[in-house]
$ cat run.pdb   # PDB, C-alpha atoms, pLDDT in the B column
ATOM      1  CA  MET A 465     -34.068   7.331 -13.974  1.00 58.00           C
ATOM      2  CA  ALA A 466     -36.270   6.160 -16.828  1.00 60.00           C
ATOM      3  CA  LEU A 467     -39.119   8.244 -15.422  1.00 59.00           C
ATOM      4  CA  LEU A 468     -36.996  11.399 -15.375  1.00 58.00           C
ATOM      5  CA  ALA A 469     -35.738  10.674 -18.903  1.00 61.00           C
ATOM      6  CA  ASN A 470     -39.302   9.854 -20.012  1.00 61.00           C
ATOM      7  CA  VAL A 471     -38.135   6.509 -21.408  1.00 62.00           C
ATOM      8  CA  ARG A 472     -40.249   3.361 -21.164  1.00 63.00           C
ATOM      9  CA  VAL A 473     -38.267   0.353 -19.997  1.00 60.00           C
ATOM     10  CA  SER A 474     -38.980  -2.999 -18.505  1.00 60.00           C
ATOM     11  CA  THR A 475     -36.718  -5.015 -16.289  1.00 59.00           C
ATOM     12  CA  GLU A 476     -36.678  -8.678 -15.471  1.00 61.00           C
ATOM     13  CA  ILE A 477     -34.702 -11.127 -13.408  1.00 59.00           C
ATOM     14  CA  LEU A 478     -31.884 -12.741 -15.382  1.00 53.00           C
ATOM     15  CA  ASP A 479     -32.293 -16.480 -15.057  1.00 55.00           C
ATOM     16  CA  ASP A 480     -30.350 -17.804 -18.020  1.00 49.00           C
ATOM     17  CA  GLU A 481     -26.814 -18.153 -19.300  1.00 48.00           C
ATOM     18  CA  PRO A 482     -24.559 -15.386 -17.962  1.00 44.00           C
ATOM     19  CA  SER A 483     -22.704 -15.272 -21.283  1.00 41.00           C
ATOM     20  CA  GLN A 484     -25.741 -13.580 -22.832  1.00 42.00           C
ATOM     21  CA  ALA A 485     -25.157 -10.512 -20.689  1.00 41.00           C
ATOM     22  CA  MET A 486     -23.039  -7.557 -21.733  1.00 41.00           C
ATOM     23  CA  GLU A 487     -20.337  -8.076 -19.097  1.00 41.00           C
ATOM     24  CA  LEU A 488     -16.942  -9.698 -19.079  1.00 38.00           C
ATOM     25  CA  ASP A 489     -17.714 -12.349 -16.495  1.00 42.00           C
ATOM     26  CA  GLY A 490     -21.482 -12.311 -16.725  1.00 44.00           C
ATOM     27  CA  PRO A 491     -23.908 -11.299 -14.021  1.00 43.00           C
ATOM     28  CA  PRO A 492     -24.550 -13.179 -10.828  1.00 47.00           C
ATOM     29  CA  PRO A 493     -27.458 -15.621 -11.093  1.00 44.00           C
ATOM     30  CA  LYS A 494     -30.896 -14.053 -10.728  1.00 47.00           C
ATOM     31  CA  SER A 495     -29.659 -10.506 -11.471  1.00 53.00           C
ATOM     32  CA  LEU A 496     -31.873  -7.622 -12.501  1.00 61.00           C
ATOM     33  CA  TYR A 497     -31.340  -6.767 -16.146  1.00 65.00           C
ATOM     34  CA  LEU A 498     -32.518  -4.400 -18.809  1.00 70.00           C
ATOM     35  CA  GLY A 499     -33.379  -6.259 -22.010  1.00 68.00           C
ATOM     36  CA  LEU A 500     -32.534  -4.896 -25.444  1.00 69.00           C
ATOM     37  CA  ASP A 501     -33.536  -5.824 -28.965  1.00 69.00           C
ATOM     38  CA  GLY A 502     -31.563  -8.784 -30.261  1.00 70.00           C
ATOM     39  CA  GLY A 503     -31.509 -10.542 -26.883  1.00 70.00           C
ATOM     40  CA  PHE A 504     -28.764  -8.422 -25.336  1.00 71.00           C
ATOM     41  CA  LYS A 505     -29.002  -7.764 -21.624  1.00 72.00           C
ATOM     42  CA  VAL A 506     -27.481  -4.938 -19.589  1.00 73.00           C
ATOM     43  CA  VAL A 507     -26.984  -5.930 -15.966  1.00 69.00           C
ATOM     44  CA  MET A 508     -24.875  -3.299 -14.202  1.00 74.00           C
ATOM     45  CA  THR A 509     -26.874  -0.444 -12.655  1.00 76.00           C
ATOM     46  CA  ASN A 510     -24.587   2.308 -13.957  1.00 79.00           C
ATOM     47  CA  SER A 511     -24.634   0.740 -17.423  1.00 80.00           C
ATOM     48  CA  MET A 512     -28.425   0.614 -17.337  1.00 80.00           C
ATOM     49  CA  MET A 513     -28.593   4.263 -16.293  1.00 83.00           C
ATOM     50  CA  ARG A 514     -26.139   5.330 -19.027  1.00 84.00           C
ATOM     51  CA  LEU A 515     -28.185   3.462 -21.617  1.00 82.00           C
ATOM     52  CA  ILE A 516     -31.461   5.021 -20.467  1.00 81.00           C
ATOM     53  CA  ALA A 517     -29.889   8.494 -20.385  1.00 84.00           C
ATOM     54  CA  SER A 518     -28.543   8.019 -23.926  1.00 84.00           C
ATOM     55  CA  MET A 519     -32.033   7.090 -25.114  1.00 82.00           C
ATOM     56  CA  ALA A 520     -33.302  10.535 -24.058  1.00 82.00           C
ATOM     57  CA  PRO A 521     -30.724  13.079 -25.194  1.00 84.00           C
ATOM     58  CA  SER A 522     -33.200  15.952 -24.741  1.00 84.00           C
ATOM     59  CA  ALA A 523     -33.158  15.324 -20.957  1.00 83.00           C
ATOM     60  CA  GLU A 524     -29.419  16.115 -21.057  1.00 90.00           C
ATOM     61  CA  LEU A 525     -28.697  13.593 -18.277  1.00 91.00           C
ATOM     62  CA  LEU A 526     -25.311  12.925 -19.889  1.00 93.00           C
ATOM     63  CA  GLY A 527     -24.562  16.652 -20.117  1.00 93.00           C
ATOM     64  CA  ARG A 528     -24.896  19.379 -22.697  1.00 93.00           C
ATOM     65  CA  THR A 529     -21.347  19.206 -24.057  1.00 94.00           C
ATOM     66  CA  HIS A 530     -18.723  16.530 -24.570  1.00 94.00           C
ATOM     67  CA  PHE A 531     -16.773  18.034 -21.659  1.00 96.00           C
ATOM     68  CA  GLU A 532     -19.800  17.742 -19.343  1.00 95.00           C
ATOM     69  CA  THR A 533     -20.301  14.158 -20.516  1.00 94.00           C
ATOM     70  CA  ALA A 534     -16.701  13.363 -19.611  1.00 95.00           C
ATOM     71  CA  GLN A 535     -17.109  15.015 -16.204  1.00 96.00           C
ATOM     72  CA  ILE A 536     -20.306  13.082 -15.526  1.00 95.00           C
ATOM     73  CA  ASP A 537     -18.646   9.832 -16.529  1.00 94.00           C
ATOM     74  CA  SER A 538     -15.712  10.612 -14.230  1.00 95.00           C
ATOM     75  CA  TRP A 539     -18.029  11.281 -11.287  1.00 95.00           C
ATOM     76  CA  VAL A 540     -20.038   8.106 -11.911  1.00 93.00           C
ATOM     77  CA  SER A 541     -16.780   6.102 -11.945  1.00 92.00           C
ATOM     78  CA  PHE A 542     -15.501   7.872  -8.826  1.00 94.00           C
ATOM     79  CA  LEU A 543     -18.777   7.221  -7.009  1.00 93.00           C
ATOM     80  CA  TRP A 544     -18.685   3.530  -7.944  1.00 90.00           C
ATOM     81  CA  HIS A 545     -15.116   2.965  -6.786  1.00 91.00           C
ATOM     82  CA  SER A 546     -15.056   5.320  -3.809  1.00 93.00           C
ATOM     83  CA  ILE A 547     -18.578   5.084  -2.379  1.00 91.00           C
ATOM     84  CA  GLU A 548     -20.606   2.156  -3.719  1.00 88.00           C
ATOM     85  CA  LEU A 549     -17.901  -0.510  -3.607  1.00 89.00           C
ATOM     86  CA  PRO A 550     -16.719   0.185  -0.020  1.00 90.00           C
ATOM     87  CA  CYS A 551     -20.357   0.393   1.136  1.00 88.00           C
ATOM     88  CA  TYR A 552     -21.150  -2.897  -0.570  1.00 85.00           C
ATOM     89  CA  ILE A 553     -18.172  -4.594   1.117  1.00 85.00           C
ATOM     90  CA  LEU A 554     -19.201  -3.206   4.528  1.00 85.00           C
ATOM     91  CA  ARG A 555     -22.768  -4.402   3.982  1.00 83.00           C
ATOM     92  CA  GLN A 556     -21.639  -7.899   2.957  1.00 81.00           C
ATOM     93  CA  THR A 557     -19.226  -8.100   5.896  1.00 82.00           C
ATOM     94  CA  ARG A 558     -22.156  -7.788   8.319  1.00 74.00           C
ATOM     95  CA  HIS A 559     -23.627 -10.992   6.873  1.00 70.00           C
ATOM     96  CA  LEU A 560     -20.516 -13.155   7.234  1.00 66.00           C
ATOM     97  CA  ASP A 561     -20.955 -15.976   9.735  1.00 64.00           C
ATOM     98  CA  ASN A 562     -17.279 -16.775  10.033  1.00 66.00           C
ATOM     99  CA  SER A 563     -15.401 -14.335  12.298  1.00 67.00           C
ATOM    100  CA  HIS A 564     -12.149 -15.146  10.469  1.00 63.00           C
ATOM    101  CA  GLU A 565     -13.707 -13.967   7.190  1.00 64.00           C
ATOM    102  CA  ARG A 566     -14.979 -10.800   8.917  1.00 64.00           C
ATOM    103  CA  ASP A 567     -11.488 -10.157  10.285  1.00 70.00           C
ATOM    104  CA  CYS A 568     -10.082 -10.260   6.736  1.00 75.00           C
ATOM    105  CA  VAL A 569     -11.992  -7.085   5.907  1.00 78.00           C
ATOM    106  CA  ASP A 570     -10.448  -3.878   7.219  1.00 85.00           C
ATOM    107  CA  SER A 571     -13.683  -2.054   8.042  1.00 84.00           C
ATOM    108  CA  ALA A 572     -11.826   0.880   9.601  1.00 85.00           C
ATOM    109  CA  ALA A 573      -9.890   1.432   6.351  1.00 89.00           C
ATOM    110  CA  LEU A 574     -13.105   1.280   4.316  1.00 90.00           C
ATOM    111  CA  ILE A 575     -14.785   3.805   6.609  1.00 90.00           C
ATOM    112  CA  SER A 576     -11.711   6.040   6.377  1.00 92.00           C
ATOM    113  CA  GLN A 577     -11.879   5.790   2.563  1.00 92.00           C
ATOM    114  CA  LEU A 578     -15.573   6.689   2.642  1.00 92.00           C
ATOM    115  CA  LYS A 579     -14.901   9.725   4.850  1.00 93.00           C
ATOM    116  CA  SER A 580     -12.151  10.888   2.520  1.00 94.00           C
ATOM    117  CA  SER A 581     -14.363  10.386  -0.558  1.00 94.00           C
ATOM    118  CA  LEU A 582     -17.274  12.212   1.062  1.00 93.00           C
ATOM    119  CA  GLY A 583     -14.850  15.040   1.869  1.00 94.00           C
ATOM    120  CA  ILE A 584     -13.926  15.306  -1.817  1.00 95.00           C
ATOM    121  CA  ILE A 585     -17.604  15.381  -2.738  1.00 95.00           C
ATOM    122  CA  GLU A 586     -18.364  17.967  -0.033  1.00 94.00           C
ATOM    123  CA  ALA A 587     -15.581  20.245  -1.331  1.00 95.00           C
ATOM    124  CA  HIS A 588     -16.821  19.865  -4.917  1.00 95.00           C
ATOM    125  CA  LEU A 589     -20.422  20.641  -3.935  1.00 94.00           C
ATOM    126  CA  MET A 590     -19.283  23.652  -1.879  1.00 94.00           C
ATOM    127  CA  LYS A 591     -17.501  25.030  -4.955  1.00 94.00           C
ATOM    128  CA  ARG A 592     -20.513  24.301  -7.167  1.00 91.00           C
ATOM    129  CA  THR A 593     -22.894  25.953  -4.670  1.00 88.00           C
ATOM    130  CA  ASN A 594     -20.684  29.039  -4.435  1.00 86.00           C
ATOM    131  CA  GLU A 595     -20.879  29.211  -8.247  1.00 86.00           C
ATOM    132  CA  GLU A 596     -24.674  28.912  -7.873  1.00 89.00           C
ATOM    133  CA  HIS A 597     -24.888  25.499  -9.523  1.00 90.00           C
ATOM    134  CA  PRO A 598     -26.717  22.973  -7.350  1.00 88.00           C
ATOM    135  CA  TYR A 599     -25.681  19.817  -9.219  1.00 93.00           C
ATOM    136  CA  PHE A 600     -22.479  17.808  -9.726  1.00 94.00           C
ATOM    137  CA  VAL A 601     -21.942  18.939 -13.341  1.00 95.00           C
ATOM    138  CA  GLY A 602     -23.639  21.608 -15.430  1.00 91.00           C
ATOM    139  CA  GLU A 603     -26.828  23.423 -14.573  1.00 90.00           C
ATOM    140  CA  LEU A 604     -29.235  20.479 -14.745  1.00 90.00           C
ATOM    141  CA  ILE A 605     -29.570  17.238 -12.860  1.00 90.00           C
ATOM    142  CA  SER A 606     -27.367  14.595 -14.465  1.00 92.00           C
ATOM    143  CA  LEU A 607     -26.569  10.916 -14.343  1.00 92.00           C
ATOM    144  CA  ALA A 608     -23.880  11.696 -11.724  1.00 94.00           C
ATOM    145  CA  ASP A 609     -26.476  13.250  -9.401  1.00 93.00           C
ATOM    146  CA  ILE A 610     -28.944  10.414  -9.883  1.00 89.00           C
ATOM    147  CA  SER A 611     -26.299   7.720  -9.470  1.00 89.00           C
ATOM    148  CA  PHE A 612     -25.029   9.187  -6.202  1.00 91.00           C
ATOM    149  CA  ALA A 613     -28.502   9.916  -4.809  1.00 88.00           C
ATOM    150  CA  VAL A 614     -29.621   6.341  -5.471  1.00 85.00           C
ATOM    151  CA  SER A 615     -26.382   5.075  -3.922  1.00 86.00           C
ATOM    152  CA  LEU A 616     -26.976   7.193  -0.795  1.00 85.00           C
ATOM    153  CA  LYS A 617     -30.504   5.843  -0.542  1.00 81.00           C
ATOM    154  CA  TYR A 618     -29.415   2.220  -0.991  1.00 81.00           C
ATOM    155  CA  HIS A 619     -26.379   2.451   1.293  1.00 83.00           C
ATOM    156  CA  GLY A 620     -28.077   4.643   3.885  1.00 80.00           C
ATOM    157  CA  ASP A 621     -27.096   2.393   6.797  1.00 76.00           C
ATOM    158  CA  GLU A 622     -23.417   2.508   5.865  1.00 78.00           C
ATOM    159  CA  LEU A 623     -23.373   6.258   5.177  1.00 83.00           C
ATOM    160  CA  ALA A 624     -25.874   7.669   7.694  1.00 77.00           C
ATOM    161  CA  THR A 625     -23.301   8.608  10.314  1.00 80.00           C
ATOM    162  CA  LEU A 626     -20.823   9.937   7.735  1.00 83.00           C
ATOM    163  CA  VAL A 627     -23.083  12.438   5.938  1.00 80.00           C
ATOM    164  CA  LYS A 628     -23.305  15.526   8.122  1.00 77.00           C
ATOM    165  CA  ARG A 629     -26.546  17.431   8.458  1.00 75.00           C
ATOM    166  CA  GLU A 630     -26.363  21.073   7.365  1.00 75.00           C
ATOM    167  CA  SER A 631     -23.604  20.218   4.879  1.00 87.00           C
ATOM    168  CA  TYR A 632     -23.383  20.994   1.182  1.00 92.00           C
ATOM    169  CA  LEU A 633     -23.926  17.271   0.562  1.00 91.00           C
ATOM    170  CA  ASP A 634     -27.084  17.310   2.691  1.00 88.00           C
ATOM    171  CA  ASP A 635     -28.380  20.396   0.826  1.00 90.00           C
ATOM    172  CA  TRP A 636     -27.512  18.808  -2.537  1.00 91.00           C
ATOM    173  CA  LEU A 637     -29.366  15.622  -1.596  1.00 88.00           C
ATOM    174  CA  LYS A 638     -32.499  17.590  -0.661  1.00 87.00           C
ATOM    175  CA  THR A 639     -32.350  19.372  -4.035  1.00 88.00           C
ATOM    176  CA  VAL A 640     -31.947  16.092  -5.928  1.00 88.00           C
ATOM    177  CA  GLU A 641     -34.725  14.436  -3.911  1.00 84.00           C
ATOM    178  CA  ARG A 642     -37.103  17.262  -4.862  1.00 83.00           C
ATOM    179  CA  THR A 643     -36.077  17.138  -8.534  1.00 79.00           C
ATOM    180  CA  PHE A 644     -35.832  13.376  -8.928  1.00 73.00           C
ATOM    181  CA  GLN A 645     -38.585  12.367  -6.482  1.00 67.00           C
ATOM    182  CA  LEU A 646     -36.224   9.881  -4.854  1.00 56.00           C
ATOM    183  CA  ASP A 647     -38.917   8.696  -2.460  1.00 56.00           C
ATOM    184  CA  ARG A 648     -40.590   6.869  -5.388  1.00 55.00           C
ATOM    185  CA  ILE A 649     -37.629   4.477  -5.717  1.00 52.00           C
ATOM    186  CA  PRO A 650     -38.244   1.173  -3.889  1.00 49.00           C
TER     187      PRO A 650
END

$ encode --input "run.pdb" --output "structure tokens"
Amino acid sequence: MALLANVRVSTEILDDEPSQAMELDGPPPKSLYLGLDGGFKVVMTNSMMRLIASMAPSAELLGRTHFETAQIDSWVSFLWHSIELPCYILRQTRHLDNSHERDCVDSAALISQLKSSLGIIEAHLMKRTNEEHPYFVGELISLADISFAVSLKYHGDELATLVKRESYLDDWLKTVERTFQLDRIP
């Protein structure tokens, strides 16, 4: 993200008091953070990406207009709640040793939610493609595109069977990978 925005940043592992972070409850111990002047730390990935995008307004990653900015923010929130969070829960469930704890998680409901959410995204991208716009919002790659592409890369195991080849989502991802050079993300 910083590379695309042409913004120099450095990240470190947070190993101090959680209250110094810009979050309500503080970050988990040993979290990745983006340090700011004055000792402030930003620890949530979407917050880091918003900050970086705001530091490079000419890249227009937050949109060209206030309306596009609102749309991008809505998509980033939707992606967090409807894709990233269920994927994270599914991933963590695999690591539970206690079968009772695993049984408390309704994996089928999470997968159903993911399918429904991916259907909403597919329909949106179909409409955008038919309007000859390859990205989530506007005519340029935005924070929404980057956020979702990184999420797909990170949660590949959870989403691999749900993202259909030859779909608008698959085409969109190829476009974003070419633009964003997603293969350079560890």

$ resolve_selection --input "run.pdb" --expression "the PyMOL selection byres ((chain A and resi 618) around 12)" --output "list in words"
Ile547, Glu548, Cys551, Tyr552, Arg555, Ser611, Phe612, Ala613, Val614, Ser615, Leu616, Lys617, His619, Gly620, Asp621, Glu622, Leu623, Ala624, Leu646, Asp647, Ile649 and Pro650 of chain A

$ axis_aligned_box --input "run.pdb" --around "region 615-630 of chain A" --padding-each-side "6 Å" --output "lines of an AutoDock Vina configuration file"
center_x = -25.7
center_y = 11.6
center_z = 3.2
size_x = 21.7
size_y = 30.9
size_z = 26.2

$ atom_distance --input "run.pdb" --atom1 "CA of Phe504 (chain A)" --atom2 "CA of Leu525 (chain A)"
23.1 Å

$ residues_around --input "run.pdb" --residues "region 587-595 of chain A" --least-positions-apart "5" --cutoff "8 Å" --atoms "only C-alpha atoms" --output "mmCIF file with C-alpha atoms, in the coordinates of the input"
data_model
loop_
_atom_site.group_PDB
_atom_site.id
_atom_site.type_symbol
_atom_site.label_atom_id
_atom_site.label_comp_id
_atom_site.auth_asym_id
_atom_site.auth_seq_id
_atom_site.Cartn_x
_atom_site.Cartn_y
_atom_site.Cartn_z
ATOM 1 C CA PHE A 600 -22.479 17.808 -9.726
ATOM 2 C CA TYR A 632 -23.383 20.994 1.182
ATOM 3 C CA LEU A 633 -23.926 17.271 0.562
ATOM 4 C CA TRP A 636 -27.512 18.808 -2.537
#

$ residues_around --input "run.pdb" --residues "Val640 (chain A)" --least-positions-apart "3" --cutoff "10 Å" --atoms "only C-alpha atoms" --output "PyMOL selection string"
chain A and resi 598-599+605-606+609-610+612-613+634-637+643-646
